file work06.txt (compact mmCIF, C-alpha atoms)
# COMPACT_ATOMS: atom_id res chain seq x y z
CA MET D 1047 249.20 -1.67 49.27
CA GLU D 1048 250.33 -2.39 52.76
CA LYS D 1049 253.28 -4.74 53.20
CA SER D 1050 254.30 -6.07 56.53
CA ARG D 1051 257.94 -6.10 57.59
CA ARG D 1052 257.70 -9.89 57.63
CA ASP D 1053 256.60 -10.08 53.98
CA PHE D 1054 259.38 -7.73 52.94
CA LEU D 1055 262.03 -9.91 54.57
CA LYS D 1056 260.54 -13.05 53.00
CA ILE D 1057 260.65 -11.63 49.50
CA GLY D 1058 264.13 -10.24 50.07
CA GLY D 1059 265.39 -13.60 51.27
CA ILE D 1060 263.94 -15.47 48.32
CA SER D 1061 265.41 -12.94 45.88
CA ALA D 1062 268.86 -13.31 47.43
CA LEU D 1063 268.58 -17.08 47.16
CA GLY D 1064 267.63 -16.73 43.50
CA LEU D 1065 270.74 -14.65 42.81
CA SER D 1066 273.03 -17.19 44.42
CA ALA D 1067 271.42 -19.98 42.38
CA LEU D 1068 272.34 -18.35 39.07
CA PRO D 1069 276.05 -19.35 38.95
CA ALA D 1070 275.13 -22.85 40.10
CA LEU D 1071 272.60 -23.11 37.28
CA LYS D 1072 275.20 -22.02 34.76
CA VAL D 1073 277.49 -24.83 35.84
CA LEU D 1074 274.65 -27.36 35.79
CA ALA D 1075 273.52 -26.23 32.35
CA GLY D 1076 276.85 -27.66 31.18
CA LYS D 1077 277.39 -25.34 28.25
CA LYS D 1078 280.82 -26.11 26.88
CA GLN D 1079 283.24 -23.28 27.49
CA PRO D 1080 286.46 -22.90 25.51
CA MET D 1081 289.46 -24.14 27.42
CA TYR D 1082 293.16 -23.55 27.47
CA LYS D 1083 295.66 -26.23 28.30
CA LEU D 1084 299.21 -27.42 27.99
CA SER D 1085 300.04 -30.54 26.02
CA ASP D 1086 299.87 -33.75 28.03
CA LYS D 1087 303.31 -34.57 26.72
CA ALA D 1088 304.85 -31.44 28.27
CA LEU D 1089 307.79 -32.01 30.59
CA LYS D 1090 306.92 -30.97 34.12
CA GLY D 1091 309.46 -30.09 36.76
CA LYS D 1092 309.86 -28.20 40.01
CA ARG D 1093 313.32 -26.81 39.36
CA TRP D 1094 314.92 -27.29 35.98
CA ALA D 1095 318.69 -27.55 35.98
CA MET D 1096 321.57 -28.58 33.80
CA VAL D 1097 324.77 -30.44 34.58
CA VAL D 1098 327.64 -29.75 32.19
CA ASP D 1099 330.30 -32.44 32.22
CA MET D 1100 333.21 -30.46 30.82
CA LYS D 1101 335.48 -33.53 30.76
CA LYS D 1102 333.25 -35.18 28.17
CA CYS D 1103 333.12 -31.98 26.17
CA TRP D 1104 336.92 -31.53 26.18
CA GLU D 1105 337.40 -35.15 25.17
CA LYS D 1106 335.21 -34.48 22.15
CA GLN D 1107 336.99 -31.17 21.46
CA GLN D 1108 340.37 -32.93 21.27
CA LYS D 1109 339.16 -34.87 18.25
CA GLY D 1110 338.24 -31.64 16.52
CA GLU D 1111 336.33 -28.45 17.09
CA CYS D 1112 332.71 -29.12 18.03
CA LYS D 1113 330.06 -26.42 18.03
CA ASP D 1114 327.01 -28.66 17.81
CA CYS D 1115 325.22 -27.19 20.83
CA PHE D 1116 325.72 -23.57 19.74
CA VAL D 1117 324.69 -24.23 16.18
CA ALA D 1118 321.58 -26.15 17.21
CA CYS D 1119 320.47 -23.43 19.61
CA HIS D 1120 321.33 -20.36 17.59
CA SER D 1121 319.94 -21.63 14.30
CA PHE D 1122 316.61 -22.68 15.79
CA HIS D 1123 316.12 -19.58 17.91
CA ASN D 1124 317.07 -17.18 15.11
CA VAL D 1125 320.02 -15.81 17.07
CA PRO D 1126 321.89 -13.38 14.79
CA GLN D 1127 325.58 -13.85 14.22
CA ILE D 1128 327.18 -10.44 14.70
CA ASP D 1129 330.96 -10.50 14.79
CA ASN D 1130 331.45 -7.15 16.54
CA PRO D 1131 331.92 -8.18 20.21
CA LYS D 1132 330.23 -5.00 21.40
CA ARG D 1133 327.04 -5.86 19.57
CA GLU D 1134 327.11 -9.66 19.46
CA ILE D 1135 324.11 -11.72 20.55
CA LYS D 1136 324.62 -15.04 22.29
CA TRP D 1137 322.47 -17.58 24.07
CA ILE D 1138 325.10 -20.25 24.62
CA TRP D 1139 328.85 -19.80 24.11
CA THR D 1140 332.23 -20.51 25.68
CA GLU D 1141 334.39 -18.63 28.15
CA PRO D 1142 337.86 -19.44 29.48
CA TYR D 1143 338.04 -20.65 33.08
CA LYS D 1144 339.25 -17.33 34.46
CA ASN D 1145 336.19 -15.55 33.06
CA ALA D 1146 333.64 -18.23 33.81
CA PHE D 1147 334.88 -18.81 37.36
CA PRO D 1148 336.81 -15.65 38.30
CA ASN D 1149 336.51 -16.28 42.02
CA LEU D 1150 337.99 -19.77 41.71
CA GLU D 1151 340.99 -18.74 39.67
CA TYR D 1152 344.49 -18.53 41.14
CA GLU D 1153 347.96 -18.59 39.72
CA TYR D 1154 348.18 -22.35 39.16
CA THR D 1155 344.73 -23.12 37.77
CA ASP D 1156 345.94 -22.26 34.32
CA GLU D 1157 348.33 -25.23 34.31
CA VAL D 1158 345.47 -27.70 33.98
CA LEU D 1159 342.75 -25.58 32.47
CA LYS D 1160 344.80 -23.49 30.10
CA GLY D 1161 342.91 -22.75 26.91
CA LYS D 1162 340.07 -25.02 27.90
CA PRO D 1163 336.69 -23.57 26.97
CA PHE D 1164 333.71 -23.68 29.32
CA ILE D 1165 330.22 -23.83 27.95
CA VAL D 1166 328.16 -21.03 29.46
CA LEU D 1167 324.54 -19.99 29.12
CA CYS D 1168 321.83 -18.36 31.22
CA ASN D 1169 322.01 -19.95 34.67
CA HIS D 1170 318.25 -19.74 35.29
CA CYS D 1171 319.06 -18.70 38.84
CA SER D 1172 316.72 -19.58 41.67
CA LYS D 1173 317.20 -16.01 42.93
CA PRO D 1174 317.56 -14.15 39.65
CA PRO D 1175 318.81 -10.58 40.02
CA CYS D 1176 317.60 -9.73 36.50
CA VAL D 1177 314.01 -10.42 37.55
CA ARG D 1178 314.35 -8.20 40.59
CA VAL D 1179 315.45 -5.18 38.60
CA CYS D 1180 313.20 -5.47 35.53
CA PRO D 1181 310.84 -2.46 35.72
CA THR D 1182 308.19 -3.96 33.43
CA GLN D 1183 308.31 -7.59 34.56
CA ALA D 1184 309.33 -8.53 31.06
CA THR D 1185 311.78 -10.90 32.71
CA PHE D 1186 310.09 -13.19 35.17
CA GLN D 1187 310.59 -16.52 36.86
CA ARG D 1188 308.29 -19.40 36.08
CA LYS D 1189 307.11 -21.83 38.73
CA ASP D 1190 309.44 -24.48 37.32
CA GLY D 1191 312.41 -22.15 37.77
CA ILE D 1192 312.92 -21.01 34.19
CA VAL D 1193 313.83 -17.34 33.94
CA MET D 1194 311.75 -16.28 30.96
CA MET D 1195 311.57 -13.17 28.87
CA ASP D 1196 308.42 -11.63 27.50
CA TYR D 1197 309.88 -9.73 24.57
CA HIS D 1198 306.55 -7.96 24.07
CA ARG D 1199 307.10 -6.14 27.33
CA CYS D 1200 310.82 -5.44 27.12
CA ILE D 1201 311.48 -1.70 26.86
CA GLY D 1202 315.23 -2.12 26.35
CA CYS D 1203 316.36 -0.36 29.53
CA ARG D 1204 319.12 -2.97 30.03
CA TYR D 1205 318.83 -2.98 33.84
CA CYS D 1206 318.80 -6.77 33.63
CA MET D 1207 322.10 -6.75 31.76
CA ALA D 1208 323.65 -4.68 34.51
CA ALA D 1209 322.18 -6.99 37.15
CA CYS D 1210 323.19 -10.31 35.58
CA PRO D 1211 326.62 -11.29 36.91
CA TYR D 1212 327.10 -13.86 34.14
CA GLY D 1213 326.79 -11.72 31.03
CA SER D 1214 324.03 -14.04 29.87
CA ARG D 1215 322.05 -11.25 28.26
CA SER D 1216 322.55 -9.53 24.93
CA PHE D 1217 321.02 -6.33 23.66
CA ASN D 1218 319.79 -5.78 20.13
CA TRP D 1219 321.40 -2.48 19.17
CA GLY D 1220 319.90 -2.77 15.71
CA ASP D 1221 317.58 -4.92 13.66
CA PRO D 1222 318.94 -8.46 14.06
CA ARG D 1223 317.35 -9.86 10.90
CA PRO D 1224 320.13 -8.99 8.42
CA TYR D 1225 322.50 -11.04 10.59
CA ILE D 1226 320.36 -14.18 10.63
CA LYS D 1227 321.67 -16.50 7.95
CA LYS D 1228 318.63 -18.71 7.65
CA GLU D 1229 315.45 -17.74 9.38
CA ASN D 1230 313.61 -20.51 11.19
CA MET D 1231 309.94 -20.00 10.45
CA ALA D 1232 308.87 -21.91 13.57
CA PHE D 1233 310.35 -19.34 15.95
CA PRO D 1234 310.19 -15.54 16.05
CA THR D 1235 313.21 -13.28 15.79
CA ARG D 1236 313.75 -10.35 18.11
CA THR D 1237 313.65 -6.71 17.18
CA LYS D 1238 315.75 -3.61 17.70
CA GLY D 1239 315.80 -2.44 21.30
CA VAL D 1240 315.09 -5.62 23.23
CA VAL D 1241 317.31 -7.75 25.40
CA GLU D 1242 317.46 -11.47 24.75
CA LYS D 1243 318.85 -14.63 26.30
CA CYS D 1244 318.51 -18.39 26.60
CA ASN D 1245 314.97 -19.54 27.47
CA PHE D 1246 315.92 -23.13 28.40
CA CYS D 1247 313.90 -24.13 25.33
CA ALA D 1248 310.59 -23.45 27.06
CA GLU D 1249 308.83 -23.98 23.72
CA ARG D 1250 310.31 -27.49 23.49
CA LEU D 1251 309.62 -28.47 27.10
CA ALA D 1252 305.97 -27.63 26.38
CA VAL D 1253 305.83 -30.39 23.79
CA GLY D 1254 307.85 -32.92 25.75
CA LEU D 1255 311.28 -32.36 24.24
CA LYS D 1256 314.56 -31.61 25.97
CA PRO D 1257 316.51 -28.42 25.21
CA LEU D 1258 318.18 -28.32 21.80
CA CYS D 1259 321.75 -28.04 23.11
CA VAL D 1260 321.24 -31.18 25.21
CA GLU D 1261 319.84 -33.06 22.24
CA ALA D 1262 322.60 -31.84 19.91
CA CYS D 1263 325.53 -32.82 22.16
CA LYS D 1264 326.85 -36.12 20.88
CA ALA D 1265 329.33 -36.41 23.74
CA GLY D 1266 326.49 -36.39 26.28
CA ALA D 1267 328.18 -33.57 28.15
CA LEU D 1268 324.97 -31.64 28.72
CA VAL D 1269 322.38 -33.22 31.00
CA PHE D 1270 319.04 -31.58 31.62
CA GLY D 1271 316.56 -32.48 34.32
CA ASP D 1272 314.51 -31.63 37.37
CA LEU D 1273 316.28 -31.06 40.67
CA GLY D 1274 312.91 -31.37 42.42
CA ASP D 1275 312.95 -35.05 41.53
CA PRO D 1276 315.61 -36.96 43.49
CA GLU D 1277 315.53 -39.76 40.91
CA SER D 1278 316.26 -37.52 37.92
CA GLU D 1279 319.54 -37.83 36.07
CA VAL D 1280 320.75 -34.41 37.17
CA SER D 1281 320.01 -35.14 40.83
CA LYS D 1282 321.96 -38.40 40.58
CA LEU D 1283 324.88 -36.67 38.88
CA LEU D 1284 325.01 -34.02 41.59
CA LYS D 1285 325.04 -36.74 44.26
CA SER D 1286 327.84 -38.73 42.65
CA ASN D 1287 330.09 -35.90 41.45
CA TYR D 1288 331.73 -32.81 42.87
CA THR D 1289 330.24 -29.92 40.95
CA ILE D 1290 330.87 -26.20 40.84
CA ARG D 1291 328.64 -23.30 39.95
CA ARG D 1292 329.51 -19.94 38.50
CA LYS D 1293 329.97 -17.14 41.07
CA ASN D 1294 328.32 -19.21 43.76
CA ASP D 1295 329.17 -16.63 46.43
CA LEU D 1296 326.89 -14.00 44.91
CA GLY D 1297 323.84 -15.86 46.21
CA THR D 1298 321.97 -16.02 42.92
CA HIS D 1299 321.68 -19.82 43.22
CA PRO D 1300 322.48 -20.65 39.59
CA ASN D 1301 321.06 -23.88 38.21
CA ILE D 1302 323.83 -24.78 35.80
CA TYR D 1303 326.34 -27.13 37.42
CA TYR D 1304 329.81 -28.01 36.12
CA ILE D 1305 331.79 -31.22 36.49
CA ILE D 1306 335.48 -30.54 35.82
CA MET H 1055 281.31 47.89 -0.89
CA LYS H 1056 284.77 48.17 -2.27
CA ILE H 1057 287.56 45.70 -1.63
CA TYR H 1058 290.98 47.13 -2.03
CA ASP H 1059 292.99 44.98 -4.45
CA GLY H 1060 289.85 42.91 -5.02
CA ARG H 1061 291.13 41.87 -8.41
CA LYS H 1062 293.97 40.01 -6.72
CA ILE H 1063 292.24 38.88 -3.54
CA ILE H 1064 289.09 37.24 -4.97
CA PRO H 1065 290.87 35.06 -7.56
CA GLY H 1066 293.43 34.31 -4.83
CA ILE H 1067 290.70 33.05 -2.50
CA LEU H 1068 289.18 30.98 -5.30
CA ILE H 1069 292.54 29.40 -6.19
CA ALA H 1070 293.24 28.66 -2.52
CA ALA H 1071 289.81 27.01 -2.16
CA LEU H 1072 290.50 24.93 -5.23
CA ILE H 1073 293.89 23.76 -3.95
CA PHE H 1074 292.42 23.05 -0.52
CA SER H 1075 289.66 20.86 -1.97
CA PHE H 1076 292.00 19.18 -4.45
CA PRO H 1077 291.97 15.75 -2.71
CA PHE H 1078 288.19 15.81 -2.83
CA TRP H 1079 288.08 16.50 -6.59
CA LEU H 1080 290.78 13.94 -7.27
CA ASN H 1081 288.73 11.12 -5.70
CA PHE H 1082 285.33 12.41 -6.81
CA GLY H 1083 282.99 9.64 -7.84
CA LYS H 1084 285.46 6.89 -7.01
CA ALA H 1085 284.72 4.49 -4.17
CA ALA H 1086 287.63 3.27 -2.09
CA VAL H 1087 288.41 -0.37 -2.81
CA PRO H 1088 287.06 -2.39 0.11
CA PRO H 1089 289.49 -4.84 1.68
CA LYS H 1090 289.24 -8.41 0.43
CA PRO H 1091 290.94 -10.70 2.88
CA ARG H 1092 291.42 -14.11 1.28
CA LEU H 1093 290.11 -16.83 3.55
CA PRO H 1094 291.95 -20.11 3.79
CA LYS H 1095 290.66 -22.86 1.56
CA GLY H 1096 289.23 -26.01 3.03
CA VAL H 1097 288.83 -24.59 6.52
CA LYS H 1098 285.39 -23.44 7.61
CA ASN H 1099 285.90 -22.24 11.16
CA CYS H 1100 288.45 -20.08 12.87
CA VAL H 1101 289.12 -20.45 16.58
CA LYS H 1102 286.09 -18.29 17.31
CA GLY H 1103 283.16 -16.93 15.32
CA THR H 1104 283.80 -14.75 12.26
CA MET H 1105 282.22 -11.63 13.77
CA TYR H 1106 284.25 -12.00 16.95
CA MET H 1107 287.46 -12.52 14.99
CA ARG H 1108 286.68 -9.55 12.79
CA THR H 1109 286.22 -7.14 15.67
CA SER H 1110 288.32 -8.60 18.46
CA HIS H 1111 291.16 -10.66 17.00
CA MET H 1112 293.68 -8.18 18.39
CA GLN H 1113 292.32 -8.68 21.89
CA LEU H 1114 292.47 -12.44 21.43
CA LEU H 1115 296.06 -12.27 20.18
CA ASN H 1116 297.00 -10.16 23.19
CA ASP H 1117 295.35 -12.58 25.60
CA TRP H 1118 296.93 -15.58 23.92
CA ARG H 1119 300.42 -14.16 23.93
CA ASN H 1120 300.14 -13.50 27.66
CA LEU H 1121 298.80 -16.99 28.28
CA VAL H 1122 301.55 -18.62 26.22
CA VAL H 1123 304.52 -16.60 27.38
CA ARG H 1124 303.59 -15.93 30.97
CA LYS H 1125 301.26 -18.78 31.95
CA ASN H 1126 302.75 -21.48 29.73
CA VAL H 1127 299.35 -22.46 28.35
CA ARG H 1128 299.78 -23.32 24.71
CA ILE H 1129 296.73 -25.14 23.39
CA PHE H 1130 293.26 -23.69 22.85
CA VAL H 1131 290.38 -26.14 22.94
CA ALA H 1132 287.38 -24.80 21.03
CA PRO H 1133 283.85 -25.65 22.20
CA THR H 1134 283.75 -28.11 19.28
CA GLY H 1135 286.62 -30.01 20.92
CA LYS H 1136 289.12 -29.10 18.23
CA GLU H 1137 292.57 -28.15 19.51
CA TYR H 1138 294.55 -25.21 18.17
CA ALA H 1139 298.17 -24.23 18.76
CA MET H 1140 298.15 -20.79 20.37
CA SER H 1141 300.90 -19.45 18.16
CA LEU H 1142 301.03 -16.84 15.46
CA GLN H 1143 303.70 -18.50 13.32
CA ASN H 1144 302.83 -22.10 14.17
CA GLY H 1145 299.08 -21.57 14.53
CA CYS H 1146 297.28 -18.71 12.76
CA LEU H 1147 299.63 -18.59 9.78
CA LYS H 1148 299.26 -22.32 9.12
CA CYS H 1149 295.74 -21.67 7.85
CA HIS H 1150 296.08 -18.01 6.90
CA GLU H 1151 299.06 -18.75 4.71
CA SER H 1152 299.52 -15.28 3.30
CA LYS H 1153 300.03 -12.12 5.29
CA ALA H 1154 299.63 -9.96 2.18
CA ASP H 1155 296.33 -11.54 1.17
CA PHE H 1156 294.86 -11.72 4.64
CA CYS H 1157 296.29 -9.48 7.39
CA ASP H 1158 297.46 -6.62 5.21
CA GLN H 1159 294.15 -6.33 3.34
CA CYS H 1160 292.30 -4.66 6.21
CA HIS H 1161 295.33 -3.28 7.99
CA THR H 1162 296.35 -1.27 4.95
CA TYR H 1163 292.77 -0.14 4.31
CA LEU H 1164 292.45 1.11 7.89
CA ASP H 1165 296.05 2.31 8.06
CA VAL H 1166 296.88 0.33 11.17
CA LYS H 1167 300.43 -0.85 11.55
CA PRO H 1168 300.61 -3.65 14.10
CA PHE H 1169 304.18 -4.37 15.21
CA CYS H 1170 303.68 -8.17 15.27
CA TRP H 1171 305.97 -8.52 12.28
CA ASP H 1172 308.93 -6.74 13.87
CA CYS H 1173 309.69 -10.07 15.52
CA HIS H 1174 307.29 -12.67 14.17
CA LEU H 1175 308.22 -13.93 10.75
CA ALA H 1176 305.69 -13.55 7.99
CA PRO H 1177 305.46 -16.33 5.39
CA LYS H 1178 308.22 -16.09 2.82
CA GLU H 1179 306.04 -15.35 -0.22
CA ASN H 1180 305.57 -11.80 1.02
CA LYS H 1181 309.18 -10.86 0.75

call {"tool": "encode", "arguments": {"input": "work06.txt", "output": "structure tokens"}}
result
Amino acid sequence: MEKSRRDFLKIGGISALGLSALPALKVLAGKKQPMYKLSDKALKGKRWAMVVDMKKCWEKQQKGECKDCFVACHSFHNVPQIDNPKREIKWIWTEPYKNAFPNLEYEYTDEVLKGKPFIVLCNHCSKPPCVRVCPTQATFQRKDGIVMMDYHRCIGCRYCMAACPYGSRSFNWGDPRPYIKKENMAFPTRTKGVVEKCNFCAERLAVGLKPLCVEACKAGALVFGDLGDPESEVSKLLKSNYTIRRKNDLGTHPNIYYII
Amino acid sequence: MKIYDGRKIIPGILIAALIFSFPFWLNFGKAAVPPKPRLPKGVKNCVKGTMYMRTSHMQLLNDWRNLVVRKNVRIFVAPTGKEYAMSLQNGCLKCHESKADFCDQCHTYLDVKPFCWDCHLAPKENK
């Protein structure tokens, strides 16, 4: 059978058109595909941050020891309580001024701040050094600024712990489960050989709730919000107060601010 | 043909063959107990079809954990419109209430040891 060049091109063209019509047909057929989504209630932000008003916290502390924020966080997230300081695990805790702000300390600061505890946690830096060094991308930065950990990927090399200038990361030298007083069935534990840290309650933001420590603080010393929104509470607090950040000069751009 | 020390060697070979095939004789005529995962009561459908879940649930769990942790996508909407929490402890285990009666049934049979439970908490009844 003889085919002219013209016929060949015609058939070829029509065939190509048919191929390109297939995806369009699929869309038009309207077969329901499974979907994935985030709850409509989820809190959305461009750059999550926290302002810690230490004055309010100290005022509360004078009336008696308060550990509400630690207890709320550690009990929900199944953080083990290990007393050995070399092996302890912590997501949120206190440090004295000279340790929290070593570059701001001089011989007279102690007069005012002596013995005063500072609440510290992961700073969720805008330029996180832990993310830069992680060889498996187990630690990564979300679009909303949260420095998250994917424990499934963590190989326990502890580069991130060396990189973090705030000591915000703890390593599980052994199985943490024996040290968890009451396991919370709604949240996983960690296992031997992974690093862990504060996750800014990503699981709560996803359902429209604020972080646990913020909710637990009766003194209102912890304020959480979006710095991308100039009308948010944190943005307003930063505009109306002088605030300091931990080790500002290192250029990690921490997102936890302190009013003292 | 003459085998030197045949009186020792031939019984020796026979005894060795017997010992070697011992596991076979031990289980002779007995069928292995097939796994019987207990399905949740009152729930007809899982997030996907039974056959898919049977063969590919591990792939689905892997995909979901990446979506949840890394992409912050936490709800699965099935073609039926029903929404499911993409979570092992707060999703799967809410219907499949028992790890021993469901997960472990096949995993033990096939001798697979998934490390989910190193971190994720199994329902208390299994302890």

call {"tool": "interface_residues", "arguments": {"input": "work06.txt", "of": "chain H", "to": "chain D", "cutoff": "10 Å", "atoms": "only C-alpha atoms", "output": "MDAnalysis selection string"}}
result
chainID H and resid 1101:1102 1116 1118:1145 1169:1178

call {"tool": "write_last_selection", "arguments": {"input": "work06.txt", "atoms": "C-alpha atoms", "output": "CSV table (one decimal), in the frame of the given file"}}
result
chain,number,residue,atom,x,y,z
H,1101,VAL,CA,289.1,-20.4,16.6
H,1102,LYS,CA,286.1,-18.3,17.3
H,1116,ASN,CA,297.0,-10.2,23.2
H,1118,TRP,CA,296.9,-15.6,23.9
H,1119,ARG,CA,300.4,-14.2,23.9
H,1120,ASN,CA,300.1,-13.5,27.7
H,1121,LEU,CA,298.8,-17.0,28.3
H,1122,VAL,CA,301.6,-18.6,26.2
H,1123,VAL,CA,304.5,-16.6,27.4
H,1124,ARG,CA,303.6,-15.9,31.0
H,1125,LYS,CA,301.3,-18.8,32.0
H,1126,ASN,CA,302.8,-21.5,29.7
H,1127,VAL,CA,299.4,-22.5,28.4
H,1128,ARG,CA,299.8,-23.3,24.7
H,1129,ILE,CA,296.7,-25.1,23.4
H,1130,PHE,CA,293.3,-23.7,22.8
H,1131,VAL,CA,290.4,-26.1,22.9
H,1132,ALA,CA,287.4,-24.8,21.0
H,1133,PRO,CA,283.8,-25.6,22.2
H,1134,THR,CA,283.8,-28.1,19.3
H,1135,GLY,CA,286.6,-30.0,20.9
H,1136,LYS,CA,289.1,-29.1,18.2
H,1137,GLU,CA,292.6,-28.2,19.5
H,1138,TYR,CA,294.6,-25.2,18.2
H,1139,ALA,CA,298.2,-24.2,18.8
H,1140,MET,CA,298.2,-20.8,20.4
H,1141,SER,CA,300.9,-19.4,18.2
H,1142,LEU,CA,301.0,-16.8,15.5
H,1143,GLN,CA,303.7,-18.5,13.3
H,1144,ASN,CA,302.8,-22.1,14.2
H,1145,GLY,CA,299.1,-21.6,14.5
H,1169,PHE,CA,304.2,-4.4,15.2
H,1170,CYS,CA,303.7,-8.2,15.3
H,1171,TRP,CA,306.0,-8.5,12.3
H,1172,ASP,CA,308.9,-6.7,13.9
H,1173,CYS,CA,309.7,-10.1,15.5
H,1174,HIS,CA,307.3,-12.7,14.2
H,1175,LEU,CA,308.2,-13.9,10.8
H,1176,ALA,CA,305.7,-13.6,8.0
H,1177,PRO,CA,305.5,-16.3,5.4
H,1178,LYS,CA,308.2,-16.1,2.8

call {"tool": "residues_around", "arguments": {"input": "work06.txt", "residues": "D:Cys1168", "least_positions_apart": "4", "cutoff": "9 Å", "atoms": "all atoms listed in the file", "output": "list in words"}}
result
Trp1137, Ile1138, Val1193, Tyr1212, Gly1213, Ser1214, Arg1215, Lys1243, Cys1244, Asn1245, Phe1246, Pro1300, Asn1301 and Ile1302 of chain D

call {"tool": "closest_residue", "arguments": {"input": "work06.txt", "among": "D:Ser1050, D:Asn1294, D:Asn1124, D:Asn1287", "to": "D:Glu1242", "atoms": "only C-alpha atoms"}}
result
D:Asn1124

call {"tool": "residues_around", "arguments": {"input": "work06.txt", "residues": "D:Val1117", "least_positions_apart": "2", "cutoff": "12 Å", "atoms": "all atoms listed in the file", "output": "MDAnalysis selection string"}}
result
chainID D and resid 1112:1115 1119:1127 1136:1139 1227:1228 1258:1263

call {"tool": "residues_around", "arguments": {"input": "work06.txt", "residues": "D:Pro1276", "least_positions_apart": "5", "cutoff": "10 Å", "atoms": "all atoms listed in the file", "output": "ChimeraX atom specification"}}
result
/D:1281-1282,1285

call {"tool": "write_last_selection", "arguments": {"input": "work06.txt", "atoms": "C-alpha atoms", "output": "PDB file, in the frame of the given file"}}
result
ATOM      1  CA  SER D1281     320.010 -35.140  40.830  1.00  0.00           C
ATOM      2  CA  LYS D1282     321.960 -38.400  40.580  1.00  0.00           C
ATOM      3  CA  LYS D1285     325.040 -36.740  44.260  1.00  0.00           C
TER       4      LYS D1285
END

call {"tool": "closest_residue", "arguments": {"input": "work06.txt", "among": "H:Ala1086, H:Leu1093, H:Leu1068, H:Leu1114", "to": "H:Cys1157", "atoms": "all atoms listed in the file"}}
result
H:Leu1093

call {"tool": "residues_around", "arguments": {"input": "work06.txt", "residues": "D:Gly1271", "least_positions_apart": "3", "cutoff": "8 Å", "atoms": "all atoms listed in the file", "output": "list in words"}}
result
Gly1091, Trp1094, Ala1095, Met1096, Ser1278, Glu1279, Val1280 and Ser1281 of chain D

call {"tool": "build_atoms", "arguments": {"input": "work06.txt", "residues": "stretch 1195-1207 of chain D", "atoms": "N, CA and C atoms", "output": "PDB file, in the coordinates of the input"}}
result
ATOM      1  N   MET D1195     311.719 -14.546  29.325  1.00  0.00           N
ATOM      2  CA  MET D1195     311.570 -13.170  28.870  1.00  0.00           C
ATOM      3  C   MET D1195     310.315 -13.033  28.040  1.00  0.00           C
ATOM      4  N   ASP D1196     309.565 -11.987  28.322  1.00  0.00           N
ATOM      5  CA  ASP D1196     308.420 -11.630  27.500  1.00  0.00           C
ATOM      6  C   ASP D1196     308.877 -10.452  26.646  1.00  0.00           C
ATOM      7  N   TYR D1197     309.297 -10.771  25.421  1.00  0.00           N
ATOM      8  CA  TYR D1197     309.880  -9.730  24.570  1.00  0.00           C
ATOM      9  C   TYR D1197     308.872  -8.624  24.251  1.00  0.00           C
ATOM     10  N   HIS D1198     307.572  -8.974  24.335  1.00  0.00           N
ATOM     11  CA  HIS D1198     306.550  -7.960  24.070  1.00  0.00           C
ATOM     12  C   HIS D1198     306.646  -6.828  25.077  1.00  0.00           C
ATOM     13  N   ARG D1199     307.097  -7.151  26.284  1.00  0.00           N
ATOM     14  CA  ARG D1199     307.100  -6.140  27.330  1.00  0.00           C
ATOM     15  C   ARG D1199     308.421  -5.430  27.495  1.00  0.00           C
ATOM     16  N   CYS D1200     309.488  -5.998  26.894  1.00  0.00           N
ATOM     17  CA  CYS D1200     310.820  -5.440  27.120  1.00  0.00           C
ATOM     18  C   CYS D1200     310.899  -4.034  26.522  1.00  0.00           C
ATOM     19  N   ILE D1201     311.365  -3.078  27.345  1.00  0.00           N
ATOM     20  CA  ILE D1201     311.480  -1.700  26.860  1.00  0.00           C
ATOM     21  C   ILE D1201     312.933  -1.357  26.548  1.00  0.00           C
ATOM     22  N   GLY D1202     313.827  -2.332  26.719  1.00  0.00           N
ATOM     23  CA  GLY D1202     315.230  -2.120  26.350  1.00  0.00           C
ATOM     24  C   GLY D1202     316.006  -1.235  27.294  1.00  0.00           C
ATOM     25  N   CYS D1203     315.651  -1.236  28.586  1.00  0.00           N
ATOM     26  CA  CYS D1203     316.360  -0.360  29.530  1.00  0.00           C
ATOM     27  C   CYS D1203     317.701  -0.953  29.938  1.00  0.00           C
ATOM     28  N   ARG D1204     317.871  -2.252  29.769  1.00  0.00           N
ATOM     29  CA  ARG D1204     319.120  -2.970  30.030  1.00  0.00           C
ATOM     30  C   ARG D1204     319.498  -3.016  31.515  1.00  0.00           C
ATOM     31  N   TYR D1205     318.538  -2.787  32.418  1.00  0.00           N
ATOM     32  CA  TYR D1205     318.830  -2.980  33.840  1.00  0.00           C
ATOM     33  C   TYR D1205     319.236  -4.428  34.094  1.00  0.00           C
ATOM     34  N   CYS D1206     318.541  -5.353  33.413  1.00  0.00           N
ATOM     35  CA  CYS D1206     318.800  -6.770  33.630  1.00  0.00           C
ATOM     36  C   CYS D1206     320.230  -7.130  33.245  1.00  0.00           C
ATOM     37  N   MET D1207     320.735  -6.465  32.204  1.00  0.00           N
ATOM     38  CA  MET D1207     322.100  -6.750  31.760  1.00  0.00           C
ATOM     39  C   MET D1207     323.099  -6.287  32.804  1.00  0.00           C
TER      40      MET D1207
END
